[in-house]
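Enquirer: The following file, protein01.csv, comprises CSV, C-alpha atoms:
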```csv
chain,number,residue,atom,x,y,z
A,30,MET,CA,96.7,113.8,93.2
A,31,ARG,CA,96.9,111.7,96.3
A,32,THR,CA,99.1,108.7,95.2
A,33,LEU,CA,99.8,105.4,97.0
A,34,VAL,CA,102.7,103.2,95.9
A,35,LEU,CA,102.9,99.4,96.1
A,36,ALA,CA,106.4,97.8,95.9
A,37,SER,CA,108.2,94.6,96.7
A,38,GLY,CA,111.9,95.3,96.0
A,39,ALA,CA,114.7,97.7,95.5
A,40,GLY,CA,112.4,100.6,94.6
A,41,THR,CA,114.3,102.0,91.6
A,42,ASN,CA,111.0,103.1,89.9
A,43,PHE,CA,109.7,104.5,93.1
A,44,GLN,CA,112.8,106.6,93.4
A,45,ALA,CA,112.4,107.7,89.8
A,46,VAL,CA,108.9,109.0,90.6
A,47,LEU,CA,110.1,110.8,93.7
A,48,SER,CA,113.0,112.3,91.7
A,49,GLY,CA,110.5,113.3,89.0
A,50,ILE,CA,108.4,115.1,91.6
A,51,SER,CA,111.4,116.9,93.1
A,52,ALA,CA,112.6,118.0,89.6
A,53,GLY,CA,109.2,119.3,88.6
A,54,LYS,CA,108.8,116.7,85.9
A,55,ILE,CA,105.7,115.3,87.7
A,56,THR,CA,103.3,117.9,89.0
A,57,ASN,CA,100.0,117.7,91.0
A,58,CYS,CA,101.2,114.5,92.6
A,59,SER,CA,101.7,113.8,96.3
A,60,ILE,CA,102.9,110.4,97.6
A,61,CYS,CA,100.7,109.6,100.6
A,62,LYS,CA,102.0,106.1,101.5
A,63,LEU,CA,104.1,103.2,100.5
A,64,ILE,CA,102.9,99.6,101.1
A,65,VAL,CA,105.4,96.7,100.9
A,66,ASP,CA,104.6,93.0,101.1
A,67,ARG,CA,107.9,91.9,102.6
A,68,PRO,CA,110.5,93.2,105.2
A,69,GLU,CA,113.7,95.1,104.5
A,70,THR,CA,112.9,96.4,101.0
A,71,GLY,CA,114.9,99.1,99.3
A,72,ALA,CA,111.6,100.8,98.6
A,73,ALA,CA,110.8,101.1,102.3
A,74,ARG,CA,114.3,102.6,103.0
A,75,ILE,CA,113.7,105.2,100.2
A,76,ALA,CA,110.3,106.1,101.6
A,77,SER,CA,111.6,106.4,105.1
A,78,GLY,CA,114.4,108.7,103.9
A,79,ALA,CA,111.8,110.9,102.1
A,80,GLY,CA,109.5,111.1,105.1
A,81,ILE,CA,106.8,109.0,103.4
A,82,PRO,CA,104.7,106.7,105.6
A,83,VAL,CA,105.5,103.0,105.1
A,84,GLU,CA,103.3,100.0,105.9
A,85,MET,CA,104.5,96.4,105.7
A,86,ILE,CA,101.8,93.8,105.0
A,87,ASP,CA,104.0,90.8,105.1
A,88,SER,CA,102.5,88.2,102.8
A,89,LYS,CA,104.2,85.4,104.7
A,90,SER,CA,102.4,86.3,107.9
A,91,PHE,CA,99.0,85.3,106.6
A,92,SER,CA,97.7,81.7,106.6
A,93,THR,CA,95.8,82.2,103.3
A,94,ARG,CA,96.2,84.4,100.2
A,95,SER,CA,92.7,85.7,100.7
A,96,ASP,CA,93.6,87.0,104.2
A,97,PHE,CA,96.5,88.9,102.7
A,98,ASP,CA,94.3,90.3,99.9
A,99,SER,CA,91.8,91.4,102.5
A,100,ALA,CA,94.4,93.2,104.6
A,101,LEU,CA,95.9,94.9,101.5
A,102,PHE,CA,92.4,96.0,100.4
A,103,GLN,CA,91.6,97.5,103.7
A,104,SER,CA,94.9,99.3,104.0
A,105,VAL,CA,94.6,100.8,100.5
A,106,VAL,CA,91.0,101.9,100.9
A,107,GLN,CA,91.7,103.5,104.3
A,108,ALA,CA,94.5,105.5,102.7
A,109,GLY,CA,92.0,107.0,100.2
A,110,PRO,CA,94.3,107.4,97.2
A,111,ASP,CA,93.3,109.0,93.9
A,112,LEU,CA,96.0,107.0,92.1
A,113,ILE,CA,97.9,103.7,92.9
A,114,LEU,CA,101.3,102.9,91.4
A,115,ALA,CA,102.3,99.2,91.4
A,116,LEU,CA,106.0,99.6,91.0
A,117,GLY,CA,107.6,96.2,91.2
A,118,PHE,CA,104.8,94.8,93.4
A,119,MET,CA,105.2,91.0,93.0
A,120,LYS,CA,101.6,90.1,93.8
A,121,VAL,CA,98.6,89.9,91.4
A,122,LEU,CA,96.1,92.4,92.8
A,123,ALA,CA,92.8,90.7,93.8
A,124,LYS,CA,89.6,91.6,91.9
A,125,PRO,CA,87.9,93.6,94.7
A,126,LEU,CA,90.8,96.0,94.9
A,127,VAL,CA,91.1,96.4,91.1
A,128,GLU,CA,87.3,97.0,90.8
A,129,ALA,CA,87.4,99.5,93.6
A,130,PHE,CA,89.9,101.7,91.7
A,131,PRO,CA,89.0,101.3,88.0
A,132,ASN,CA,91.6,102.8,85.7
A,133,ARG,CA,93.4,104.2,88.7
A,134,ILE,CA,96.0,101.6,89.3
A,135,ILE,CA,99.1,101.8,87.1
A,136,ASN,CA,101.6,99.0,86.5
A,137,ILE,CA,105.0,99.0,84.7
A,138,HIS,CA,106.1,95.9,82.9
A,139,PRO,CA,109.5,95.1,81.3
A,140,SER,CA,108.2,93.9,77.9
A,141,LEU,CA,106.1,95.1,75.0
A,142,LEU,CA,102.8,93.7,76.1
A,143,PRO,CA,100.9,91.5,75.1
A,144,ALA,CA,104.3,89.7,74.6
A,145,PHE,CA,105.8,88.1,77.6
A,146,PRO,CA,103.3,88.9,80.4
A,147,GLY,CA,103.8,87.7,84.0
A,148,LEU,CA,107.0,86.9,85.9
A,149,HIS,CA,110.5,86.9,84.4
A,150,ALA,CA,109.5,88.8,81.3
A,151,VAL,CA,113.1,89.7,80.4
A,152,LYS,CA,114.2,86.1,80.6
A,153,GLN,CA,111.2,85.0,78.6
A,154,ALA,CA,112.2,87.4,75.8
A,155,ILE,CA,115.8,86.2,75.7
A,156,ASP,CA,114.8,82.5,75.8
A,157,TYR,CA,112.3,83.1,73.0
A,158,GLY,CA,115.0,84.7,70.8
A,159,ALA,CA,113.2,88.0,70.5
A,160,ARG,CA,115.2,90.8,68.9
A,161,VAL,CA,113.2,93.7,70.5
A,162,SER,CA,112.2,94.3,74.0
A,163,GLY,CA,110.8,97.3,75.8
A,164,VAL,CA,108.6,98.7,78.5
A,165,THR,CA,104.8,98.9,78.9
A,166,VAL,CA,102.9,101.2,81.3
A,167,HIS,CA,99.3,100.1,81.6
A,168,PHE,CA,96.2,100.3,83.8
A,169,VAL,CA,95.6,97.2,85.9
A,170,ASP,CA,92.6,95.1,85.3
A,171,SER,CA,91.5,91.7,86.9
A,172,ASN,CA,93.9,89.6,84.8
A,173,VAL,CA,97.7,89.5,84.6
A,174,ASP,CA,99.2,92.3,82.5
A,175,THR,CA,96.2,92.7,80.3
A,176,GLY,CA,94.9,96.2,81.2
A,177,PRO,CA,94.6,99.1,78.8
A,178,ILE,CA,98.1,100.2,77.6
A,179,ILE,CA,99.0,103.8,78.3
A,180,ALA,CA,102.5,104.0,76.8
A,181,GLN,CA,105.2,101.7,75.4
A,182,GLU,CA,108.8,102.2,74.3
A,183,SER,CA,110.9,99.6,72.5
A,184,LEU,CA,114.6,98.9,72.5
A,185,PRO,CA,116.7,96.3,70.7
A,186,ILE,CA,118.1,93.3,72.5
A,187,PRO,CA,121.9,93.2,72.0
A,188,GLU,CA,123.5,90.0,71.0
A,189,GLY,CA,124.7,88.0,74.0
A,190,SER,CA,122.4,89.7,76.4
A,191,THR,CA,121.7,88.1,79.8
A,192,PRO,CA,118.5,88.8,81.8
A,193,GLU,CA,120.7,91.0,84.1
A,194,SER,CA,122.3,93.1,81.3
A,195,LEU,CA,119.0,93.5,79.4
A,196,HIS,CA,117.2,94.5,82.6
A,197,GLN,CA,119.7,97.3,83.1
A,198,LEU,CA,119.0,98.7,79.7
A,199,ILE,CA,115.2,98.4,80.2
A,200,ARG,CA,115.4,100.2,83.6
A,201,LYS,CA,116.8,103.3,81.9
A,202,VAL,CA,113.7,103.4,79.7
A,203,GLU,CA,111.4,102.5,82.5
A,204,HIS,CA,112.2,105.6,84.5
A,205,SER,CA,111.6,108.1,81.8
A,206,ILE,CA,108.4,106.6,80.5
A,207,LEU,CA,107.0,106.2,84.0
A,208,ILE,CA,107.7,109.8,84.9
A,209,ASP,CA,105.9,110.9,81.7
A,210,VAL,CA,102.8,108.8,82.3
A,211,VAL,CA,102.4,109.7,86.0
A,212,ASN,CA,102.6,113.3,85.1
A,213,LEU,CA,100.0,113.0,82.4
A,214,VAL,CA,97.6,111.0,84.7
A,215,CYS,CA,98.0,113.4,87.6
A,216,ASN,CA,97.2,116.3,85.4
A,217,GLY,CA,94.1,114.8,83.9
A,218,GLN,CA,95.6,114.3,80.5
A,219,ILE,CA,94.7,110.6,80.1
A,220,SER,CA,91.3,109.1,79.4
A,221,VAL,CA,90.2,105.6,78.7
A,222,ASP,CA,87.5,104.2,76.4
A,223,GLY,CA,87.3,100.5,76.6
A,224,ARG,CA,90.9,99.3,75.8
A,225,ARG,CA,91.9,102.5,74.1
A,226,VAL,CA,93.8,105.1,76.0
A,227,PHE,CA,93.9,108.8,74.9
A,228,ARG,CA,96.3,111.6,75.7
A,229,HIS,CA,95.0,115.2,75.9
A,230,SER,CA,96.6,118.5,75.9
A,231,LYS,CA,96.8,120.2,79.3
A,232,GLU,CA,94.0,122.8,79.7
```
Before we go any further, please render this structure as structure tokens.

Expert:
Amino acid sequence: MRTLVLASGAGTNFQAVLSGISAGKITNCSICKLIVDRPETGAARIASGAGIPVEMIDSKSFSTRSDFDSALFQSVVQAGPDLILALGFMKVLAKPLVEAFPNRIINIHPSLLPAFPGLHAVKQAIDYGARVSGVTVHFVDSNVDTGPIIAQESLPIPEGSTPESLHQLIRKVEHSILIDVVNLVCNGQISVDGRRVFRHSKE
């Protein structure tokens, strides 16, 4: 499955997907391109080292958000992906892009949605006094972190956790759940009916 990745930061989940492909834990998946929205990202360095084409669409170089959204839309459509992975992409995807790829854009979020959507989810959970956190992998819709949930995994929040220490714990869970979901999707083992997501055995 021709897969395009969107990223804004260090690229740890991107690296996890590449490692999953190399290890045979993700099959039927080929990363065709990485798009980043800022210069000098870790994700771009990882892609370059793996021989994956990288395009930077610097959000700060556009006078309006709609101009950035239009440039991103055109780049994604021209790449012709079967699947899009938003891995730490810190921009809400515009409605035209989401509607062009229904149930083909996957996002990973560091909370048990619908709890703590949006930015700083880990800090939100600590500030709220939550005892449990986790990871959600979901399809992207036109709102923020509200698309159909593919998979979730929970973990306890240790006493005295900081956003940094909790994020380290969450990251370990993120990688394994992401690899599992990408493999299922790329092998046609996921279907969607409204908000309900179903897993199927491999034929």

Enquirer: What separation in Å, quoted to one decimal, exists between atom CA of A:Leu122 and atom CA of A:Leu101?

Expert: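 Atom-to-atom, atom CA of A:Leu122 and atom CA of A:Leu101 are spaced 9.1 Å apart.
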
Enquirer: So how many Å separate atom CA of A:Pro185 and atom CA of A:Tyr157, to one decimal?

Expert: 14.1 Å

Enquirer: Against stretch 54-64 of chain A, which residues of stretch 90-203 of chain A fall within 12 Å? For each one I want the closest pair of atoms and the distance in Å (one decimal), counting all atoms listed in the file, rows by chain and increasing residue number, as JSON lines.

Expert:
```
{"residue": "A:Ala100", "atom": "CA", "partner": "A:Ile64", "partner_atom": "CA", "distance": 11.2}
{"residue": "A:Leu101", "atom": "CA", "partner": "A:Ile64", "partner_atom": "CA", "distance": 8.4}
{"residue": "A:Phe102", "atom": "CA", "partner": "A:Ile64", "partner_atom": "CA", "distance": 11.1}
{"residue": "A:Gln103", "atom": "CA", "partner": "A:Ile64", "partner_atom": "CA", "distance": 11.8}
{"residue": "A:Ser104", "atom": "CA", "partner": "A:Ile64", "partner_atom": "CA", "distance": 8.5}
{"residue": "A:Val105", "atom": "CA", "partner": "A:Ile64", "partner_atom": "CA", "distance": 8.4}
{"residue": "A:Val106", "atom": "CA", "partner": "A:Lys62", "partner_atom": "CA", "distance": 11.8}
{"residue": "A:Gln107", "atom": "CA", "partner": "A:Lys62", "partner_atom": "CA", "distance": 11.0}
{"residue": "A:Ala108", "atom": "CA", "partner": "A:Lys62", "partner_atom": "CA", "distance": 7.6}
{"residue": "A:Gly109", "atom": "CA", "partner": "A:Cys61", "partner_atom": "CA", "distance": 9.1}
{"residue": "A:Pro110", "atom": "CA", "partner": "A:Cys61", "partner_atom": "CA", "distance": 7.6}
{"residue": "A:Asp111", "atom": "CA", "partner": "A:Cys58", "partner_atom": "CA", "distance": 9.7}
{"residue": "A:Leu112", "atom": "CA", "partner": "A:Cys58", "partner_atom": "CA", "distance": 9.1}
{"residue": "A:Ile113", "atom": "CA", "partner": "A:Ile60", "partner_atom": "CA", "distance": 9.6}
{"residue": "A:Leu114", "atom": "CA", "partner": "A:Leu63", "partner_atom": "CA", "distance": 9.5}
{"residue": "A:Ala115", "atom": "CA", "partner": "A:Ile64", "partner_atom": "CA", "distance": 9.7}
{"residue": "A:Leu116", "atom": "CA", "partner": "A:Leu63", "partner_atom": "CA", "distance": 10.3}
{"residue": "A:Gly117", "atom": "CA", "partner": "A:Ile64", "partner_atom": "CA", "distance": 11.5}
{"residue": "A:Phe118", "atom": "CA", "partner": "A:Ile64", "partner_atom": "CA", "distance": 9.3}
```

Enquirer: Mind writing the picked residues with C-alpha atoms as a CSV table (one decimal), keeping the file's coordinate frame?

Expert:
```csv
chain,number,residue,atom,x,y,z
A,100,ALA,CA,94.4,93.2,104.6
A,101,LEU,CA,95.9,94.9,101.5
A,102,PHE,CA,92.4,96.0,100.4
A,103,GLN,CA,91.6,97.5,103.7
A,104,SER,CA,94.9,99.3,104.0
A,105,VAL,CA,94.6,100.8,100.5
A,106,VAL,CA,91.0,101.9,100.9
A,107,GLN,CA,91.7,103.5,104.3
A,108,ALA,CA,94.5,105.5,102.7
A,109,GLY,CA,92.0,107.0,100.2
A,110,PRO,CA,94.3,107.4,97.2
A,111,ASP,CA,93.3,109.0,93.9
A,112,LEU,CA,96.0,107.0,92.1
A,113,ILE,CA,97.9,103.7,92.9
A,114,LEU,CA,101.3,102.9,91.4
A,115,ALA,CA,102.3,99.2,91.4
A,116,LEU,CA,106.0,99.6,91.0
A,117,GLY,CA,107.6,96.2,91.2
A,118,PHE,CA,104.8,94.8,93.4
```

Enquirer: Please write as a PyMOL selection string the list of polymer residues whose atoms come within 8 Å of (108.8, 105.9, 100.1), counting only C-alpha atoms and keeping to the coordinates of the file.

Expert: chain A and resi 34+43-44+60+62-63+72-83

Enquirer: So which residues are close to (110.1, 94.8, 105.2), meaning at most 9 Å away in the file's coordinates with all atoms listed in the file counted, and can you show them as a ChimeraX atom specification?

Expert: /A:37,65-71,73,84-87

Enquirer: List the neighbours of stretch 170-172 of chain A out to 8 Å using all atoms listed in the file; skip same-chain residues closer than 4 positions along the sequence, and give me the result as a PyMOL selection string.

Expert: chain A and resi 122-124+127-128+131-132+176-177

Enquirer: Distance atom CA of A:Phe130-atom CA of A:Phe168, one decimal place?

Expert: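 Interatomic distance here is 10.2 Å.
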
Enquirer: Between A:Thr41, A:Ser162, A:Ser220, A:Ser99, single out the one closest to A:Arg200, counting only C-alpha atoms.

Expert: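 That would be A:Thr41, the residue with the smallest distance to A:Arg200.
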
Enquirer: Please identify all polymer residues within 7 Å of A:Ile137, counting only C-alpha atoms, omitting same-chain residues fewer than 5 positions from it, and present them as a PyMOL selection string.

Expert: chain A and resi 116+165-167

Enquirer: For the residues selected in the previous step, produce a file with C-alpha atoms as a PDB file, in the coordinates of the input.

Expert:
```pdb
ATOM      1  CA  LEU A 116     106.000  99.600  91.000  1.00  0.00           C
ATOM      2  CA  THR A 165     104.800  98.900  78.900  1.00  0.00           C
ATOM      3  CA  VAL A 166     102.900 101.200  81.300  1.00  0.00           C
ATOM      4  CA  HIS A 167      99.300 100.100  81.600  1.00  0.00           C
TER       5      HIS A 167
END
```

Enquirer: Considering only C-alpha atoms, can you say which of A:His204, A:Val226, A:His138, A:Ile178 comes closest to A:Leu47?

Expert: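 Closest candidate: A:His204.
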
Enquirer: Give the answer as one residue: which of A:Ile219, A:Val202, A:Val169, A:Ala154 has the shortest atom-to-atom distance to A:Leu184, using all atoms listed in the file?

Expert: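 Closest candidate: A:Val202.
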
Enquirer: Compare A:Gln181, A:Pro187, A:Leu126, A:Leu141 by their minimum atom-to-atom distance to A:Ile155, counting all atoms listed in the file, and give me the closest one.

Expert: A:Pro187

Enquirer: Can you patch up stretch 177-204 of chain A, filling it in to N, CA and C atoms, and show the result as an mmCIF file, in the frame of the given file?

Expert:
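Once everything was written out, this is result11.cif:
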```cif
data_model
loop_
_atom_site.group_PDB
_atom_site.id
_atom_site.type_symbol
_atom_site.label_atom_id
_atom_site.label_comp_id
_atom_site.auth_asym_id
_atom_site.auth_seq_id
_atom_site.Cartn_x
_atom_site.Cartn_y
_atom_site.Cartn_z
ATOM 1 N N PRO A 177 94.413 98.156 79.866
ATOM 2 C CA PRO A 177 94.600 99.100 78.800
ATOM 3 C C PRO A 177 96.034 99.726 78.832
ATOM 4 N N ILE A 178 96.683 99.742 77.674
ATOM 5 C CA ILE A 178 98.100 100.200 77.600
ATOM 6 C C ILE A 178 98.086 101.742 77.446
ATOM 7 N N ILE A 179 98.838 102.376 78.341
ATOM 8 C CA ILE A 179 99.000 103.800 78.300
ATOM 9 C C ILE A 179 100.133 104.267 77.442
ATOM 10 N N ALA A 180 101.276 103.586 77.583
ATOM 11 C CA ALA A 180 102.500 104.000 76.800
ATOM 12 C C ALA A 180 103.405 102.777 76.690
ATOM 13 N N GLN A 181 104.149 102.750 75.594
ATOM 14 C CA GLN A 181 105.200 101.700 75.400
ATOM 15 C C GLN A 181 106.380 102.342 74.722
ATOM 16 N N GLU A 182 107.529 101.747 75.004
ATOM 17 C CA GLU A 182 108.800 102.200 74.300
ATOM 18 C C GLU A 182 109.604 100.910 74.089
ATOM 19 N N SER A 183 110.132 100.792 72.884
ATOM 20 C CA SER A 183 110.900 99.600 72.500
ATOM 21 C C SER A 183 112.385 99.862 72.575
ATOM 22 N N LEU A 184 113.156 98.779 72.657
ATOM 23 C CA LEU A 184 114.600 98.900 72.500
ATOM 24 C C LEU A 184 115.123 97.525 72.015
ATOM 25 N N PRO A 185 116.198 97.564 71.225
ATOM 26 C CA PRO A 185 116.700 96.300 70.700
ATOM 27 C C PRO A 185 117.406 95.494 71.764
ATOM 28 N N ILE A 186 117.377 94.179 71.581
ATOM 29 C CA ILE A 186 118.100 93.300 72.500
ATOM 30 C C ILE A 186 119.447 92.975 71.917
ATOM 31 N N PRO A 187 120.518 93.470 72.533
ATOM 32 C CA PRO A 187 121.900 93.200 72.000
ATOM 33 C C PRO A 187 122.220 91.746 71.993
ATOM 34 N N GLU A 188 123.036 91.352 71.033
ATOM 35 C CA GLU A 188 123.500 90.000 71.000
ATOM 36 C C GLU A 188 124.252 89.649 72.297
ATOM 37 N N GLY A 189 124.039 88.457 72.779
ATOM 38 C CA GLY A 189 124.700 88.000 74.000
ATOM 39 C C GLY A 189 124.145 88.569 75.282
ATOM 40 N N SER A 190 122.959 89.170 75.207
ATOM 41 C CA SER A 190 122.400 89.700 76.400
ATOM 42 C C SER A 190 122.015 88.646 77.427
ATOM 43 N N THR A 191 122.166 88.983 78.686
ATOM 44 C CA THR A 191 121.700 88.100 79.800
ATOM 45 C C THR A 191 120.474 88.849 80.383
ATOM 46 N N PRO A 192 119.667 88.132 81.166
ATOM 47 C CA PRO A 192 118.500 88.800 81.800
ATOM 48 C C PRO A 192 119.005 90.024 82.642
ATOM 49 N N GLU A 193 120.166 89.904 83.281
ATOM 50 C CA GLU A 193 120.700 91.000 84.100
ATOM 51 C C GLU A 193 121.065 92.210 83.252
ATOM 52 N N SER A 194 121.805 91.965 82.165
ATOM 53 C CA SER A 194 122.300 93.100 81.300
ATOM 54 C C SER A 194 121.102 93.748 80.608
ATOM 55 N N LEU A 195 120.143 92.940 80.144
ATOM 56 C CA LEU A 195 119.000 93.500 79.400
ATOM 57 C C LEU A 195 118.112 94.301 80.412
ATOM 58 N N HIS A 196 117.980 93.798 81.628
ATOM 59 C CA HIS A 196 117.200 94.500 82.600
ATOM 60 C C HIS A 196 117.764 95.888 82.911
ATOM 61 N N GLN A 197 119.088 95.989 82.919
ATOM 62 C CA GLN A 197 119.700 97.300 83.100
ATOM 63 C C GLN A 197 119.375 98.266 82.040
ATOM 64 N N LEU A 198 119.354 97.787 80.795
ATOM 65 C CA LEU A 198 119.000 98.700 79.700
ATOM 66 C C LEU A 198 117.514 99.069 79.777
ATOM 67 N N ILE A 199 116.670 98.123 80.123
ATOM 68 C CA ILE A 199 115.200 98.400 80.200
ATOM 69 C C ILE A 199 114.961 99.397 81.345
ATOM 70 N N ARG A 200 115.693 99.281 82.436
ATOM 71 C CA ARG A 200 115.400 100.200 83.600
ATOM 72 C C ARG A 200 115.626 101.630 83.215
ATOM 73 N N LYS A 201 116.593 101.916 82.343
ATOM 74 C CA LYS A 201 116.800 103.300 81.900
ATOM 75 C C LYS A 201 115.579 103.845 81.189
ATOM 76 N N VAL A 202 114.953 102.974 80.401
ATOM 77 C CA VAL A 202 113.700 103.400 79.700
ATOM 78 C C VAL A 202 112.559 103.477 80.625
ATOM 79 N N GLU A 203 112.481 102.546 81.566
ATOM 80 C CA GLU A 203 111.400 102.500 82.500
ATOM 81 C C GLU A 203 111.199 103.852 83.225
ATOM 82 N N HIS A 204 112.291 104.401 83.703
ATOM 83 C CA HIS A 204 112.200 105.600 84.500
ATOM 84 C C HIS A 204 111.609 106.778 83.750
#
```
